[in-house]
>>> print(open('work14.txt').read())   # compact mmCIF, C-alpha atoms
# COMPACT_ATOMS: atom_id res chain seq x y z
CA MET A 75 19.10 -46.13 -28.18
CA SER A 76 19.31 -42.89 -26.27
CA THR A 77 17.94 -42.84 -22.73
CA GLY A 78 18.51 -39.14 -22.10
CA THR A 79 15.97 -36.34 -22.14
CA PRO A 80 15.08 -35.36 -25.72
CA VAL A 81 16.46 -31.99 -26.72
CA THR A 82 13.78 -29.75 -28.18
CA ALA A 83 13.71 -26.16 -29.28
CA ALA A 84 11.90 -25.27 -26.08
CA THR A 85 14.75 -26.54 -23.89
CA THR A 86 17.73 -25.09 -25.71
CA PRO A 87 19.67 -22.22 -24.12
CA LEU A 88 18.71 -20.03 -27.09
CA ALA A 89 15.00 -20.65 -26.50
CA LEU A 90 15.37 -20.03 -22.80
CA THR A 91 17.18 -16.80 -23.51
CA ALA A 92 14.48 -15.75 -25.96
CA GLY A 93 11.83 -16.50 -23.32
CA ALA A 94 13.69 -14.44 -20.74
CA TRP A 95 13.99 -11.53 -23.16
CA ARG A 96 10.29 -11.78 -23.99
CA ARG A 97 9.36 -11.64 -20.31
CA ARG A 98 11.68 -8.71 -19.77
CA ALA A 99 10.17 -6.87 -22.72
CA GLN A 100 6.65 -7.52 -21.41
CA SER A 101 7.68 -6.22 -18.00
CA TYR A 102 9.15 -3.07 -19.56
CA VAL A 103 6.02 -2.44 -21.64
CA ARG A 104 3.76 -2.87 -18.59
CA ALA A 105 5.90 -0.47 -16.54
CA VAL A 106 5.83 2.15 -19.32
CA LEU A 107 2.06 1.81 -19.76
CA ALA A 108 1.53 2.10 -15.99
CA GLY A 109 3.67 5.23 -15.96
CA LEU A 110 1.61 6.69 -18.79
CA VAL A 111 -1.63 5.93 -16.93
CA ILE A 112 -0.33 7.72 -13.82
CA THR A 113 0.94 10.69 -15.84
CA LEU A 114 -2.32 11.01 -17.79
CA GLY A 115 -4.29 10.71 -14.55
CA ALA A 116 -2.29 13.51 -12.93
CA ALA A 117 -2.70 15.66 -16.05
CA LEU A 118 -6.48 15.19 -15.99
CA MET A 119 -6.82 15.71 -12.24
CA THR A 120 -4.90 18.99 -12.20
CA PRO A 121 -7.45 21.11 -14.12
CA VAL A 122 -10.22 19.51 -12.06
CA GLY A 123 -8.37 20.70 -8.98
CA VAL A 124 -8.05 24.21 -10.40
CA VAL A 125 -11.77 24.41 -11.21
CA THR A 126 -12.70 23.20 -7.72
CA PHE A 127 -10.06 25.38 -6.00
CA PHE A 128 -8.39 22.18 -4.73
CA ARG A 129 -11.16 21.72 -2.16
CA ALA A 130 -12.88 18.57 -3.46
CA ARG A 131 -10.60 16.01 -1.80
CA ARG A 132 -13.14 13.19 -1.94
CA ALA A 133 -13.56 13.67 -5.67
CA TYR A 134 -9.77 13.57 -6.13
CA SER A 135 -9.60 10.38 -4.05
CA TRP A 136 -12.29 8.85 -6.26
CA CYS A 137 -10.22 9.72 -9.35
CA ALA A 138 -7.08 8.31 -7.73
CA ARG A 139 -8.90 5.05 -6.96
CA TRP A 140 -9.69 4.55 -10.63
CA ILE A 141 -6.17 5.48 -11.67
CA ALA A 142 -4.81 2.84 -9.25
CA ARG A 143 -7.25 0.26 -10.61
CA ALA A 144 -6.17 1.10 -14.16
CA VAL A 145 -2.51 0.60 -13.18
CA LEU A 146 -3.35 -2.78 -11.66
CA ALA A 147 -5.27 -3.70 -14.83
CA VAL A 148 -2.20 -2.87 -16.92
CA TYR A 149 -0.23 -5.36 -14.84
CA GLY A 150 -3.06 -7.91 -14.89
CA VAL A 151 -3.37 -7.76 -11.10
CA ARG A 152 -6.73 -8.47 -9.45
CA ILE A 153 -7.75 -7.85 -5.84
CA GLN A 154 -9.66 -10.43 -3.84
CA ARG A 155 -10.96 -9.50 -0.39
CA HIS A 156 -11.36 -11.91 2.50
CA GLY A 157 -13.12 -11.44 5.83
CA PRO A 158 -15.60 -8.84 7.06
CA ARG A 159 -16.03 -5.48 5.37
CA LEU A 160 -13.69 -2.70 6.45
CA LEU A 161 -14.97 -0.15 8.93
CA GLY A 162 -16.44 2.92 7.30
CA SER A 163 -18.97 4.54 9.61
CA THR A 164 -16.44 5.88 12.11
CA GLN A 165 -13.00 7.47 12.07
CA THR A 166 -10.49 4.65 11.73
CA VAL A 167 -6.74 4.18 11.56
CA TYR A 168 -6.04 1.56 8.89
CA ILE A 169 -2.75 -0.34 8.95
CA SER A 170 -1.24 -3.22 6.99
CA ASN A 171 2.01 -4.95 6.25
CA HIS A 172 4.09 -3.30 3.52
CA THR A 173 6.02 -5.70 1.33
CA SER A 174 5.97 -4.33 -2.17
CA THR A 175 5.87 -1.41 -4.60
CA LEU A 176 2.49 -2.83 -5.61
CA ASP A 177 1.01 -2.06 -2.18
CA LEU A 178 0.46 1.63 -2.93
CA PHE A 179 -1.82 0.90 -5.87
CA VAL A 180 -3.66 -1.88 -4.07
CA LEU A 181 -4.32 0.37 -1.07
CA VAL A 182 -5.63 3.26 -3.15
CA ALA A 183 -7.68 0.90 -5.34
CA LEU A 184 -9.43 -0.47 -2.23
CA GLY A 185 -11.23 2.85 -1.80
CA LEU A 186 -10.86 3.02 1.99
CA PRO A 187 -13.82 5.13 3.18
CA ASN A 188 -13.14 8.86 3.66
CA CYS A 189 -9.46 8.10 4.12
CA ARG A 190 -6.19 9.99 3.84
CA PHE A 191 -2.76 8.38 3.58
CA PHE A 192 0.67 8.68 5.06
CA LEU A 193 3.30 8.17 2.35
CA SER A 194 7.05 8.54 2.09
CA GLY A 195 8.14 12.03 1.15
CA PHE A 196 10.20 10.43 -1.62
CA LEU A 197 7.00 9.88 -3.62
CA HIS A 198 6.37 13.62 -3.58
CA LYS A 199 9.40 14.00 -5.83
CA LEU A 200 7.88 11.75 -8.51
CA VAL A 201 5.84 14.51 -10.12
CA PRO A 202 2.73 12.61 -11.35
CA LEU A 203 2.45 10.62 -8.10
CA GLY A 204 3.21 13.78 -6.14
CA ILE A 205 0.36 15.66 -7.83
CA ILE A 206 -2.17 12.86 -7.28
CA SER A 207 -1.20 12.15 -3.69
CA THR A 208 -1.07 15.84 -2.74
CA MET A 209 -4.56 16.39 -4.13
CA MET A 210 -5.71 13.40 -2.03
CA GLY A 211 -4.55 15.21 1.12
CA THR A 212 -1.64 12.89 1.81
CA PHE A 213 0.64 13.41 4.81
CA PHE A 214 4.23 13.04 3.59
CA THR A 215 6.68 11.58 6.08
CA VAL A 216 10.43 11.91 6.53
CA PRO A 217 12.96 9.22 7.55
CA GLN A 218 13.23 7.96 11.13
CA SER A 219 16.59 9.75 11.32
CA ARG A 220 14.67 13.04 11.57
CA PRO A 221 12.55 12.40 14.68
CA ALA A 222 11.71 16.03 15.51
CA GLU A 223 10.34 16.64 12.04
CA ARG A 224 8.39 13.37 12.09
CA THR A 225 6.82 14.39 15.39
CA ARG A 226 5.66 17.69 13.90
CA ILE A 227 4.18 15.87 10.88
CA PHE A 228 2.22 13.48 13.11
CA GLN A 229 1.06 16.31 15.38
CA ARG A 230 -0.20 18.26 12.38
CA ALA A 231 -1.90 15.16 10.99
CA ALA A 232 -3.66 14.50 14.31
CA LYS A 233 -4.87 18.12 14.40
CA VAL A 234 -6.23 17.90 10.85
CA LEU A 235 -7.89 14.52 11.42
CA ARG A 236 -9.52 15.64 14.68
CA ARG A 237 -11.01 18.58 12.82
CA THR A 238 -12.21 16.64 9.76
CA GLY A 239 -13.11 13.29 11.35
CA GLU A 240 -11.44 11.53 8.41
CA SER A 241 -9.83 8.12 8.59
CA VAL A 242 -6.18 7.55 7.74
CA TYR A 243 -3.92 4.76 6.49
CA LEU A 244 -0.28 4.26 7.38
CA SER A 245 2.12 1.34 7.51
CA PRO A 246 3.61 0.67 10.96
CA GLU A 247 6.63 -0.92 9.25
CA GLY A 248 7.46 2.50 7.83
CA GLY A 249 8.81 1.18 4.52
CA ARG A 250 8.74 -1.80 2.22
CA ILE A 251 9.94 -4.99 3.92
CA ALA A 252 10.74 -7.47 1.16
CA THR A 253 12.27 -10.18 3.36
CA GLY A 254 9.10 -12.26 3.50
CA PHE A 255 8.68 -11.54 7.22
CA ILE A 256 6.93 -8.84 9.23
CA GLY A 257 9.35 -6.04 10.05
CA PRO A 258 9.61 -4.02 13.27
CA PHE A 259 6.66 -1.69 13.94
CA ASN A 260 7.05 2.02 14.59
CA LYS A 261 4.91 3.74 17.22
CA GLY A 262 3.46 6.45 14.99
CA ALA A 263 0.29 4.66 13.88
CA PHE A 264 -0.52 3.54 17.41
CA HIS A 265 0.19 6.89 19.02
CA LEU A 266 -2.00 8.56 16.39
CA ALA A 267 -4.87 6.11 16.97
CA MET A 268 -4.66 6.64 20.72
CA SER A 269 -4.56 10.42 20.27
CA LEU A 270 -7.66 10.33 18.06
CA GLY A 271 -9.43 7.76 20.22
CA ALA A 272 -9.97 5.82 16.99
CA PRO A 273 -10.03 2.05 16.46
CA ILE A 274 -7.32 0.40 14.39
CA GLN A 275 -8.43 -1.73 11.45
CA PRO A 276 -5.57 -4.02 10.41
CA PHE A 277 -5.54 -5.90 7.15
CA PHE A 278 -2.99 -8.24 5.68
CA LEU A 279 -1.79 -7.92 2.09
CA GLU A 280 -0.92 -11.32 0.65
CA ILE A 281 0.95 -10.98 -2.65
CA PRO A 282 2.03 -14.29 -4.25
CA ALA A 283 5.72 -14.55 -5.09
CA ASP A 284 5.01 -14.91 -8.81
CA VAL A 285 3.14 -11.58 -8.74
CA ASP A 286 5.17 -9.58 -6.24
CA PRO A 287 7.67 -7.06 -7.70
CA GLY A 288 9.28 -6.56 -4.29
CA LEU A 289 11.15 -3.26 -4.28
CA GLY A 290 11.03 -3.04 -8.08
CA TYR A 291 8.31 -2.49 -10.68
CA ASN A 292 8.19 -5.91 -12.31
CA ALA A 293 4.72 -6.95 -11.12
CA ARG A 294 3.24 -9.95 -12.94
CA PRO A 295 -0.39 -10.89 -13.58
CA GLY A 296 -2.19 -12.59 -10.70
CA THR A 297 -4.33 -12.02 -7.63
CA VAL A 298 -3.51 -10.01 -4.51
CA HIS A 299 -5.44 -11.16 -1.46
CA VAL A 300 -6.55 -8.57 1.11
CA HIS A 301 -7.43 -10.16 4.47
CA THR A 302 -9.41 -8.10 6.98
CA MET A 303 -8.16 -8.76 10.52
CA PRO A 304 -10.01 -8.14 13.82
CA VAL A 305 -10.49 -4.51 14.84
CA VAL A 306 -8.22 -3.24 17.63
CA HIS A 307 -9.93 -0.83 20.05
CA THR A 308 -7.72 1.84 21.60
CA SER A 309 -10.10 3.64 23.98
CA GLU A 310 -8.37 2.21 27.07
CA TRP A 311 -4.80 2.57 25.87
CA ARG A 312 -2.31 4.65 27.84
CA VAL A 313 0.98 6.21 26.81
CA ASP A 314 2.94 4.05 29.25
CA THR A 315 1.57 0.83 27.68
CA LEU A 316 1.78 1.96 24.05
CA VAL A 317 4.86 -0.12 23.22
CA GLN A 318 3.17 -3.20 24.64
CA HIS A 319 0.08 -2.62 22.48
CA LYS A 320 2.25 -2.02 19.43
CA GLU A 321 4.02 -5.33 19.92
CA GLN A 322 0.74 -7.16 20.48
CA VAL A 323 -0.57 -5.90 17.16
CA ARG A 324 2.67 -6.85 15.43
CA GLU A 325 2.44 -10.35 16.89
CA SER A 326 -1.07 -10.65 15.46
CA PHE A 327 0.41 -9.94 12.00
CA VAL A 328 3.17 -12.49 12.55
CA ALA A 329 0.64 -15.12 13.67
CA PHE A 330 -1.69 -14.34 10.75
CA GLN A 331 1.15 -14.68 8.24
CA GLU A 332 2.17 -18.01 9.77
CA GLU A 333 -1.44 -19.20 9.64
CA LEU A 334 -1.62 -18.34 5.95
CA ARG A 335 1.63 -20.19 5.25
CA CYS A 336 0.44 -23.27 7.12
CA GLY A 337 -2.83 -23.14 5.24
CA ARG A 338 -0.97 -23.18 1.94
>>> encode(input="work14.txt", output="structure tokens")
Amino acid sequence: MSTGTPVTAATTPLALTAGAWRRRAQSYVRAVLAGLVITLGAALMTPVGVVTFFRARRAYSWCARWIARAVLAVYGVRIQRHGPRLLGSTQTVYISNHTSTLDLFVLVALGLPNCRFFLSGFLHKLVPLGIISTMMGTFFTVPQSRPAERTRIFQRAAKVLRRTGESVYLSPEGGRIATGFIGPFNKGAFHLAMSLGAPIQPFFLEIPADVDPGLGYNARPGTVHVHTMPVVHTSEWRVDTLVQHKEQVRESFVAFQEELRCGR
């Protein structure tokens, strides 16, 4: 009599290989469909921009929100919000952790009120994304290795935002941090908030490991949790204490992440 584990078709190397190929094919199909959604969205938005002389930024942002939601639907990704509603009645600097390629679509799909974005200049080179994000009034950044140019970009952004009263989103981590931990924070978001005299509204993006594509495009179906964190007021901040405030906000992200992990 055999006491070992029965060998079935489902446990053979061939079946496992077939399953891996099936998952890979599904991932490829989802990525292609998402790319087609983005390309079609950019193609539809462009004539709208021409007709409106590229002056209807809120309308373009509304279109972009639905494009982002369509991309998430292709991947089978849902968004669940936790905590109080995001600020919307006053100019706000929104920040979050940045762990994944998926973040961009989640952030746009949230429909942050009257909000522009800071995004990596690399995305400007991806034509469909470049068209959509440019029409949204995005501020494109350059690497930290070009500090003088970054300063000019932030100064221009502050000037535009003071004139328009719009809110803005940017990640203080500067890029995707796929280590599972909160990365170092840059000063840009905090200096901008202090310059505008605007509150900072942090929120934490919690993407389960079985959903998260990391730095790639292989997102899987599931739920992304968006946790609203306490508002940070900047009216009494000073330049000489900016680094201290930056680190305090980062520590709040670290503590929140640890709290989530303990709760799991």
>>> atom_distance(input="work14.txt", atom1="atom CA of A:His156", atom2="atom CA of A:Val305")
14.4 Å
>>> residues_around(input="work14.txt", residues="A:Thr215", least_positions_apart="3", cutoff="9 Å", atoms="only C-alpha atoms", output="JSON, numbers by chain")
{"A": [192, 193, 194, 195, 196, 223, 224, 227, 228]}
>>> residues_around(input="work14.txt", residues="A:Thr308", least_positions_apart="3", cutoff="9 Å", atoms="all atoms listed in the file", output="list in words")
Phe264, Ala267, Met268, Gly271, Ala272, Pro273, Ile274, Trp311 and Arg312 of chain A
>>> write_last_selection(input="work14.txt", atoms="C-alpha atoms", output="PDB file, keeping the file's coordinate frame")
ATOM      1  CA  PHE A 264      -0.520   3.540  17.410  1.00  0.00           C
ATOM      2  CA  ALA A 267      -4.870   6.110  16.970  1.00  0.00           C
ATOM      3  CA  MET A 268      -4.660   6.640  20.720  1.00  0.00           C
ATOM      4  CA  GLY A 271      -9.430   7.760  20.220  1.00  0.00           C
ATOM      5  CA  ALA A 272      -9.970   5.820  16.990  1.00  0.00           C
ATOM      6  CA  PRO A 273     -10.030   2.050  16.460  1.00  0.00           C
ATOM      7  CA  ILE A 274      -7.320   0.400  14.390  1.00  0.00           C
ATOM      8  CA  TRP A 311      -4.800   2.570  25.870  1.00  0.00           C
ATOM      9  CA  ARG A 312      -2.310   4.650  27.840  1.00  0.00           C
TER      10      ARG A 312
END
>>> closest_residue(input="work14.txt", among="A:Thr297, A:Thr208, A:Gln318, A:Ser309", to="A:Phe128", atoms="all atoms listed in the file")
A:Thr208
>>> closest_residue(input="work14.txt", among="A:Ala231, A:Ile281, A:Leu107, A:Val182", to="A:His265", atoms="all atoms listed in the file")
A:Ala231
>>> residues_around(input="work14.txt", residues="A:Ile112", least_positions_apart="6", cutoff="9 Å", atoms="all atoms listed in the file", output="PyMOL selection string")
chain A and resi 141-142+144-145+202-203+206
>>> write_last_selection(input="work14.txt", atoms="C-alpha atoms", output="short mmCIF file (atom, residue, chain, number, x, y, z; two decimals), in the frame of the given file")
data_model
loop_
_atom_site.label_atom_id
_atom_site.label_comp_id
_atom_site.auth_asym_id
_atom_site.auth_seq_id
_atom_site.Cartn_x
_atom_site.Cartn_y
_atom_site.Cartn_z
CA ILE A 141 -6.17 5.48 -11.67
CA ALA A 142 -4.81 2.84 -9.25
CA ALA A 144 -6.17 1.10 -14.16
CA VAL A 145 -2.51 0.60 -13.18
CA PRO A 202 2.73 12.61 -11.35
CA LEU A 203 2.45 10.62 -8.10
CA ILE A 206 -2.17 12.86 -7.28
#
>>> axis_aligned_box(input="work14.txt", around="stretch 145-156 of chain A", padding_each_side="5 Å", output="AutoDock Vina command-line options")
--center_x -5.8 --center_y -5.7 --center_z -7.2 --size_x 21.1 --size_y 22.5 --size_z 29.4
>>> residues_around(input="work14.txt", residues="A:Gly157", least_positions_apart="2", cutoff="10 Å", atoms="all atoms listed in the file", output="PyMOL selection string")
chain A and resi 155+159-160+277+300-304
>>> residues_around(input="work14.txt", residues="A:Val201", least_positions_apart="6", cutoff="12 Å", atoms="all atoms listed in the file", output="PyMOL selection string")
chain A and resi 109+112-117+120+195+207-208
>>> residues_near_point(input="work14.txt", point="(-6.9, -10.9, -10.8)", cutoff="6 Å", atoms="only C-alpha atoms", output="ChimeraX atom specification")
/A:151-153,296-297
>>> closest_residue(input="work14.txt", among="A:Arg324, A:Arg98, A:His299, A:Phe191", to="A:Leu235", atoms="all atoms listed in the file")
A:Phe191
>>> closest_residue(input="work14.txt", among="A:Ser269, A:Gln275, A:Ser101, A:Asn188", to="A:Trp136", atoms="only C-alpha atoms")
A:Asn188
>>> atom_distance(input="work14.txt", atom1="atom CA of A:Ala133", atom2="atom CA of A:Val234")
18.6 Å
